Amino acid sequence: MITVKQLTKRYARNTAVDHISFEIQKGQIVGFLGPNGAGKTTTMRMLTCFLPPTAGTATVEGFDVLEEPMEVKKRIGYLPETPPLYPEMMTGEYLSFVGSLKGLRGAELKQIIDYVSERCAIADVRNKQLGKLSKGYRQRVGLAQAIIHDPEVLILDEPTAGLDPKQINETRDLIKSLAGDHTIILSTHILPEVEQICQQVIIISKGKLVATDTVDNLQNRSRGAESVLVEIARRNGDLDTTVVQARIGKVSGVNRIVLKEKQPTHSRFEVETQRDQFVRGDLARAIVEAGWDLNEMRSSAVSLEEVFLQLTGTQEGKEEAIVTGAGK
Amino acid sequence: MRNVWLIWRKEMRSYFVSPIAYILLLMCALIFGFFFWSLLQAYLQFSMEAQMRGEMFPMNMPEEITRRLFGNVPVTGLFIIPLITMRLFAEEKRTGTIELLTTSPIRDGEVILGKWLAATTLYACLLLLSAVNIAFLFIYSHPDWKPMLVSYLGLLLQGAALLAIGTFISTLTKNQIIAGAATFGVCLLIFVCGWIGEYNSDAWARVLAYLSVSTHMESFTKGTLDSKDAIYYLTLILVGLFLTARSMESLRWRS
């Protein structure tokens, strides 16, 4: 359980995080979304007691980050953007060091190291130097380090950044498997990742909170609209797409119609309609009454990506879209 | 206390896993060995000439040698101390592992103490290398060991004080080279600023001489334990560690 109220971080010149408030329930996986430089890392650093907030409060499991940092630190597992590894240490030795730092000892510590190395699939590099590990292994050792003391809250800063697609999937599965016992906050700018593993999304842009909702709700709420894909055909002769567009545009509740694909026999359109109306029925009737065939009609879900671009503004959006494309 | 031990162990390991500890040990063994050998040569020459002139050799040779040897050690220390402390915090800041330490349930003070104690331990190991040379004196003569022990205590205190300052400087930058160079400069300055007292007895010169680490070494090398000088070094250690703690705290407000 994490409660953040009016959290602000101001530096000499700029405000990195500006009056952010949100609440995260126990056992949830929350995606912390935003373009680069939006203030994701700064917020996470404040939650982990690495940075003190300029104003506002943040409590983790009921403990304030400023008043009782020791209690907060005991309950948080943190994986920074670059895993905090000592290159000269062996993996096993490193885990034992971190475990001891978190207050574990003796037989219990040994047992837990076995358990986390199994869980994070790093058992085979136990006796390897951290500096010589590949990026995927480093990331997993970083994750093992974060969960070693079985913390109530896990904070992961871009846990899949820089991994190859196979490693990304493995890491996502690992994170998903950790949910339930742990409350997880994970920052990312890869949208499919959020759609896949998170239940809740917090979107911030330029230090400000722009949206916080469940993934389902966010996907539904794009422009308060729904998108319908229709395929229309004409039995004799060519279909005049401009006529179709003009005709469908007249149907009440239709906001926009875009030609997607033009074939000799049929054409596909994407129709953006208002929600909660009988628009689809009217649409079908209008097509049939005009003497065309309605081959297909289905609602296409608005991707989170569109919501994201809309909420964070197009300028950063363009840049991000490239990144997300690469992330898939 | 357990956390201090934990950090100490980690630092000691990283000194001895990387070649740095061995390079320093080798360097000190060679340098102290050379000092010892050249001092011994000089005294052999001197005593031979005295004998040829039919004079009694008036000096206590072993003690004279150790005293001069101990006089050279702090100078060697000036070069070695920056090499020991430069990585302590700068490296953690560069690789981001400082985030692990500051987000773990461990106090800043414990981190600082652990690191400084590890640095001091390594320095003590280096000092002990000179004892190998001195051991030879015990084979051929019977020098008084108590003043030597006091000298060692003085050297250790002086080293610990400069190491505390080096630890502080290491928190100021991500760059080891900068930390090392700055530590060398600062240590050299507070080492030589006492020399002014030799030519000048104005009030400011006396203050400078008092502040210098070298002037407080004299009583120790003579084999006398002067609490005034011991307190000076202990104060310097506290100031260094206190500044480190402040700097570590400000790291959070700045970064």
# chains A, B, ... in the order shown; residues from 1 in each chain; ligands from 1
>>> residues_around(residues="B:Thr103", least_positions_apart="4", cutoff="7 Å", atoms="only C-alpha atoms", output="PDB file with N, CA and C atoms, in the first residue's frame")
ATOM      1  N   THR A  48      11.767   5.538  -2.569  1.00  0.00           N
ATOM      2  CA  THR A  48      12.764   4.648  -1.986  1.00  0.00           C
ATOM      3  C   THR A  48      13.661   5.360  -0.988  1.00  0.00           C
ATOM      4  N   CYS A  49      13.339   6.611  -0.665  1.00  0.00           N
ATOM      5  CA  CYS A  49      14.114   7.399   0.298  1.00  0.00           C
ATOM      6  C   CYS A  49      15.494   7.757  -0.225  1.00  0.00           C
ATOM      7  N   PHE A  50      15.721   7.667  -1.531  1.00  0.00           N
ATOM      8  CA  PHE A  50      17.017   8.080  -2.063  1.00  0.00           C
ATOM      9  C   PHE A  50      17.057   9.595  -2.163  1.00  0.00           C
ATOM     10  N   LYS A  73      12.653   1.658   4.075  1.00  0.00           N
ATOM     11  CA  LYS A  73      13.700   0.933   3.352  1.00  0.00           C
ATOM     12  C   LYS A  73      13.619  -0.568   3.587  1.00  0.00           C
TER      13      LYS A  73
ATOM     14  N   GLU B  99      23.178   3.972  -4.829  1.00  0.00           N
ATOM     15  CA  GLU B  99      21.721   3.883  -4.677  1.00  0.00           C
ATOM     16  C   GLU B  99      21.331   2.647  -3.868  1.00  0.00           C
TER      17      GLU B  99
END
>>> closest_atom_pairs(of="chain A", to="chain B", cutoff="10 Å", atoms="only C-alpha atoms", output="JSON lines")
{"residue": "A:Lys9", "atom": "CA", "partner": "B:Trp253", "partner_atom": "CA", "distance": 9.9}
{"residue": "A:Arg10", "atom": "CA", "partner": "B:Trp253", "partner_atom": "CA", "distance": 10.0}
{"residue": "A:Tyr11", "atom": "CA", "partner": "B:Arg254", "partner_atom": "CA", "distance": 7.7}
{"residue": "A:Ala12", "atom": "CA", "partner": "B:Arg254", "partner_atom": "CA", "distance": 9.0}
{"residue": "A:Thr42", "atom": "CA", "partner": "B:Ser255", "partner_atom": "CA", "distance": 9.8}
{"residue": "A:Arg45", "atom": "CA", "partner": "B:Thr103", "partner_atom": "CA", "distance": 8.8}
{"residue": "A:Met46", "atom": "CA", "partner": "B:Arg252", "partner_atom": "CA", "distance": 9.9}
{"residue": "A:Leu47", "atom": "CA", "partner": "B:Thr103", "partner_atom": "CA", "distance": 9.7}
{"residue": "A:Thr48", "atom": "CA", "partner": "B:Thr103", "partner_atom": "CA", "distance": 6.0}
{"residue": "A:Cys49", "atom": "CA", "partner": "B:Thr103", "partner_atom": "CA", "distance": 6.2}
{"residue": "A:Phe50", "atom": "CA", "partner": "B:Thr103", "partner_atom": "CA", "distance": 5.8}
{"residue": "A:Leu51", "atom": "CA", "partner": "B:Arg252", "partner_atom": "CA", "distance": 5.2}
{"residue": "A:Pro52", "atom": "CA", "partner": "B:Trp253", "partner_atom": "CA", "distance": 6.7}
{"residue": "A:Pro53", "atom": "CA", "partner": "B:Trp253", "partner_atom": "CA", "distance": 8.9}
{"residue": "A:Thr54", "atom": "CA", "partner": "B:Trp253", "partner_atom": "CA", "distance": 9.1}
{"residue": "A:Pro69", "atom": "CA", "partner": "B:Pro105", "partner_atom": "CA", "distance": 8.1}
{"residue": "A:Met70", "atom": "CA", "partner": "B:Pro105", "partner_atom": "CA", "distance": 5.3}
{"residue": "A:Glu71", "atom": "CA", "partner": "B:Pro105", "partner_atom": "CA", "distance": 7.6}
{"residue": "A:Val72", "atom": "CA", "partner": "B:Pro105", "partner_atom": "CA", "distance": 8.3}
{"residue": "A:Lys73", "atom": "CA", "partner": "B:Pro105", "partner_atom": "CA", "distance": 5.2}
{"residue": "A:Lys74", "atom": "CA", "partner": "B:Pro105", "partner_atom": "CA", "distance": 5.6}
{"residue": "A:Arg75", "atom": "CA", "partner": "B:Pro105", "partner_atom": "CA", "distance": 9.2}
{"residue": "A:Ile76", "atom": "CA", "partner": "B:Thr103", "partner_atom": "CA", "distance": 8.3}
{"residue": "A:Gly77", "atom": "CA", "partner": "B:Thr103", "partner_atom": "CA", "distance": 8.6}
{"residue": "A:Tyr78", "atom": "CA", "partner": "B:Thr103", "partner_atom": "CA", "distance": 7.6}
{"residue": "A:Leu79", "atom": "CA", "partner": "B:Leu100", "partner_atom": "CA", "distance": 8.5}
{"residue": "A:Pro80", "atom": "CA", "partner": "B:Glu99", "partner_atom": "CA", "distance": 7.6}
{"residue": "A:Glu81", "atom": "CA", "partner": "B:Gly96", "partner_atom": "CA", "distance": 9.1}
{"residue": "A:Thr82", "atom": "CA", "partner": "B:Gly96", "partner_atom": "CA", "distance": 7.1}
{"residue": "A:Pro83", "atom": "CA", "partner": "B:Gly96", "partner_atom": "CA", "distance": 7.8}
{"residue": "A:Pro84", "atom": "CA", "partner": "B:Thr97", "partner_atom": "CA", "distance": 4.3}
{"residue": "A:Leu85", "atom": "CA", "partner": "B:Thr97", "partner_atom": "CA", "distance": 6.2}
{"residue": "A:Tyr86", "atom": "CA", "partner": "B:Thr97", "partner_atom": "CA", "distance": 7.0}
{"residue": "A:Pro87", "atom": "CA", "partner": "B:Thr95", "partner_atom": "CA", "distance": 9.0}
{"residue": "A:Glu88", "atom": "CA", "partner": "B:Ser14", "partner_atom": "CA", "distance": 7.0}
{"residue": "A:Met89", "atom": "CA", "partner": "B:Ser14", "partner_atom": "CA", "distance": 7.9}
{"residue": "A:Glu93", "atom": "CA", "partner": "B:Lys10", "partner_atom": "CA", "distance": 9.8}
{"residue": "A:Tyr94", "atom": "CA", "partner": "B:Lys10", "partner_atom": "CA", "distance": 9.5}
{"residue": "A:Phe97", "atom": "CA", "partner": "B:Leu6", "partner_atom": "CA", "distance": 7.6}
{"residue": "A:Val98", "atom": "CA", "partner": "B:Leu100", "partner_atom": "CA", "distance": 8.4}
{"residue": "A:Gly99", "atom": "CA", "partner": "B:Ser104", "partner_atom": "CA", "distance": 9.9}
{"residue": "A:Ser100", "atom": "CA", "partner": "B:Leu6", "partner_atom": "CA", "distance": 7.6}
{"residue": "A:Leu101", "atom": "CA", "partner": "B:Ser104", "partner_atom": "CA", "distance": 6.6}
{"residue": "A:Lys102", "atom": "CA", "partner": "B:Pro105", "partner_atom": "CA", "distance": 6.1}
{"residue": "A:Gly103", "atom": "CA", "partner": "B:Pro105", "partner_atom": "CA", "distance": 7.9}
{"residue": "A:Gln145", "atom": "CA", "partner": "B:Leu100", "partner_atom": "CA", "distance": 9.4}
{"residue": "A:Ala146", "atom": "CA", "partner": "B:Leu100", "partner_atom": "CA", "distance": 9.5}
>>> residues_around(residues="stretch 277-290 of chain A", least_positions_apart="2", cutoff="9 Å", atoms="only C-alpha atoms", output="PyMOL selection string")
chain A and resi 228+232+244+247-248+251-254+273-275+292-294+297
>>> residues_around(residues="B:Leu127", least_positions_apart="4", cutoff="9 Å", atoms="only C-alpha atoms", output="number ranges by chain")
B: 28, 73, 122-123, 131, 152, 155-156
>>> select_by_dssp(residues="stretch 33-189 of chain B", states="alpha helix (DSSP H)", output="MDAnalysis selection string")
chainID B and resid 33:52 61:85 87:95 98:102 108:140 145:170 176:189
>>> write_last_selection(atoms="C-alpha atoms", output="compact mmCIF listing (two decimals), in the first residue's frame")
# COMPACT_ATOMS: atom_id res chain seq x y z
CA GLY B 33 63.30 -1.36 2.16
CA PHE B 34 65.24 1.24 0.21
CA PHE B 35 64.98 3.82 3.02
CA PHE B 36 66.17 1.26 5.53
CA TRP B 37 69.03 0.05 3.40
CA SER B 38 70.29 3.53 2.56
CA LEU B 39 70.06 4.67 6.18
CA LEU B 40 71.94 1.58 7.28
CA GLN B 41 74.64 2.22 4.67
CA ALA B 42 75.01 5.78 5.81
CA TYR B 43 75.43 4.79 9.44
CA LEU B 44 77.83 1.98 8.68
CA GLN B 45 79.97 4.44 6.75
CA PHE B 46 79.76 6.96 9.53
CA SER B 47 80.63 4.54 12.30
CA MET B 48 83.53 3.10 10.31
CA GLU B 49 85.00 6.54 9.83
CA ALA B 50 84.54 7.24 13.52
CA GLN B 51 86.32 4.04 14.42
CA MET B 52 89.19 4.76 12.10
CA MET B 61 72.40 3.41 15.94
CA PRO B 62 69.19 1.35 15.86
CA GLU B 63 67.11 4.12 17.37
CA GLU B 64 68.60 6.71 15.08
CA ILE B 65 67.78 4.57 12.07
CA THR B 66 64.20 3.88 13.10
CA ARG B 67 63.67 7.54 13.86
CA ARG B 68 64.81 8.59 10.44
CA LEU B 69 62.86 5.81 8.83
CA PHE B 70 59.72 6.89 10.61
CA GLY B 71 60.40 10.43 9.50
CA ASN B 72 60.20 9.30 5.88
CA VAL B 73 57.03 7.26 6.22
CA PRO B 74 54.56 10.19 6.31
CA VAL B 75 55.97 11.48 3.01
CA THR B 76 55.37 8.09 1.44
CA GLY B 77 51.91 8.17 2.99
CA LEU B 78 51.12 11.40 1.18
CA PHE B 79 51.39 9.57 -2.11
CA ILE B 80 49.61 6.45 -0.96
CA ILE B 81 46.63 7.91 0.88
CA PRO B 82 44.93 9.39 -2.22
CA LEU B 83 45.31 6.02 -3.93
CA ILE B 84 43.54 4.32 -1.04
CA THR B 85 40.64 6.73 -0.61
CA ARG B 87 37.62 5.12 -5.05
CA LEU B 88 35.69 4.83 -1.78
CA PHE B 89 32.67 6.91 -2.76
CA ALA B 90 33.54 8.14 -6.26
CA GLU B 91 33.32 4.60 -7.63
CA GLU B 92 29.97 3.93 -5.94
CA LYS B 93 28.63 7.14 -7.40
CA ARG B 94 29.88 6.33 -10.87
CA THR B 95 28.47 2.81 -11.02
CA ILE B 98 25.46 4.22 -4.01
CA GLU B 99 21.72 3.88 -4.68
CA LEU B 100 21.82 0.38 -3.25
CA LEU B 101 23.55 1.58 -0.08
CA THR B 102 21.32 4.60 0.44
CA ASP B 108 25.01 6.76 6.32
CA GLY B 109 27.27 6.79 9.35
CA GLU B 110 27.72 3.03 9.20
CA VAL B 111 28.67 3.18 5.52
CA ILE B 112 31.18 5.97 6.17
CA LEU B 113 32.70 4.32 9.22
CA GLY B 114 33.01 0.97 7.45
CA LYS B 115 34.73 2.50 4.46
CA TRP B 116 37.08 4.67 6.47
CA LEU B 117 38.01 1.80 8.78
CA ALA B 118 38.78 -0.38 5.75
CA ALA B 119 41.03 2.35 4.33
CA THR B 120 42.74 2.71 7.71
CA THR B 121 43.21 -1.05 7.95
CA LEU B 122 44.91 -1.17 4.57
CA TYR B 123 47.13 1.74 5.59
CA ALA B 124 48.03 -0.08 8.79
CA CYS B 125 49.02 -3.14 6.74
CA LEU B 126 51.31 -0.93 4.67
CA LEU B 127 52.87 0.56 7.80
CA LEU B 128 53.52 -2.91 9.15
CA LEU B 129 55.72 -3.63 6.14
CA SER B 130 58.30 -1.24 7.56
CA ALA B 131 58.32 -3.34 10.71
CA VAL B 132 59.88 -6.15 8.65
CA ASN B 133 62.96 -4.00 8.17
CA ILE B 134 63.02 -2.95 11.78
CA ALA B 135 62.83 -6.58 12.84
CA PHE B 136 66.38 -6.97 11.48
CA LEU B 137 67.59 -4.47 14.04
CA PHE B 138 66.23 -6.69 16.79
CA ILE B 139 68.28 -9.59 15.49
CA TYR B 140 71.58 -7.73 15.80
CA TRP B 145 60.61 -1.18 21.40
CA LYS B 146 58.33 1.13 23.37
CA PRO B 147 59.19 4.38 21.56
CA MET B 148 58.78 2.52 18.28
CA LEU B 149 55.28 1.52 19.24
CA VAL B 150 54.48 5.15 20.01
CA SER B 151 55.87 6.15 16.63
CA TYR B 152 53.68 3.61 14.92
CA LEU B 153 50.66 4.89 16.82
CA GLY B 154 51.48 8.41 15.64
CA LEU B 155 51.90 7.30 12.04
CA LEU B 156 48.63 5.43 12.17
CA LEU B 157 46.79 8.41 13.66
CA GLN B 158 48.22 10.76 11.07
CA GLY B 159 47.34 8.36 8.28
CA ALA B 160 43.82 7.87 9.65
CA ALA B 161 43.30 11.63 9.76
CA LEU B 162 44.41 12.12 6.16
CA LEU B 163 42.33 9.10 5.12
CA ALA B 164 39.27 10.72 6.70
CA ILE B 165 39.91 13.82 4.60
CA GLY B 166 40.39 11.65 1.51
CA THR B 167 37.11 9.86 2.24
CA PHE B 168 35.37 13.20 2.37
CA ILE B 169 36.87 14.35 -0.93
CA SER B 170 35.82 11.09 -2.56
CA GLN B 176 38.31 8.79 -9.10
CA ILE B 177 41.16 10.69 -10.70
CA ILE B 178 39.73 14.03 -9.59
CA ALA B 179 39.16 12.66 -6.09
CA GLY B 180 42.72 11.35 -5.98
CA ALA B 181 44.33 14.52 -7.29
CA ALA B 182 42.33 16.75 -4.95
CA THR B 183 43.13 14.52 -1.98
CA PHE B 184 46.82 14.64 -2.82
CA GLY B 185 46.71 18.44 -3.09
CA VAL B 186 44.85 18.96 0.17
CA CYS B 187 46.99 16.47 2.09
CA LEU B 188 50.19 17.98 0.76
CA LEU B 189 49.01 21.44 1.71
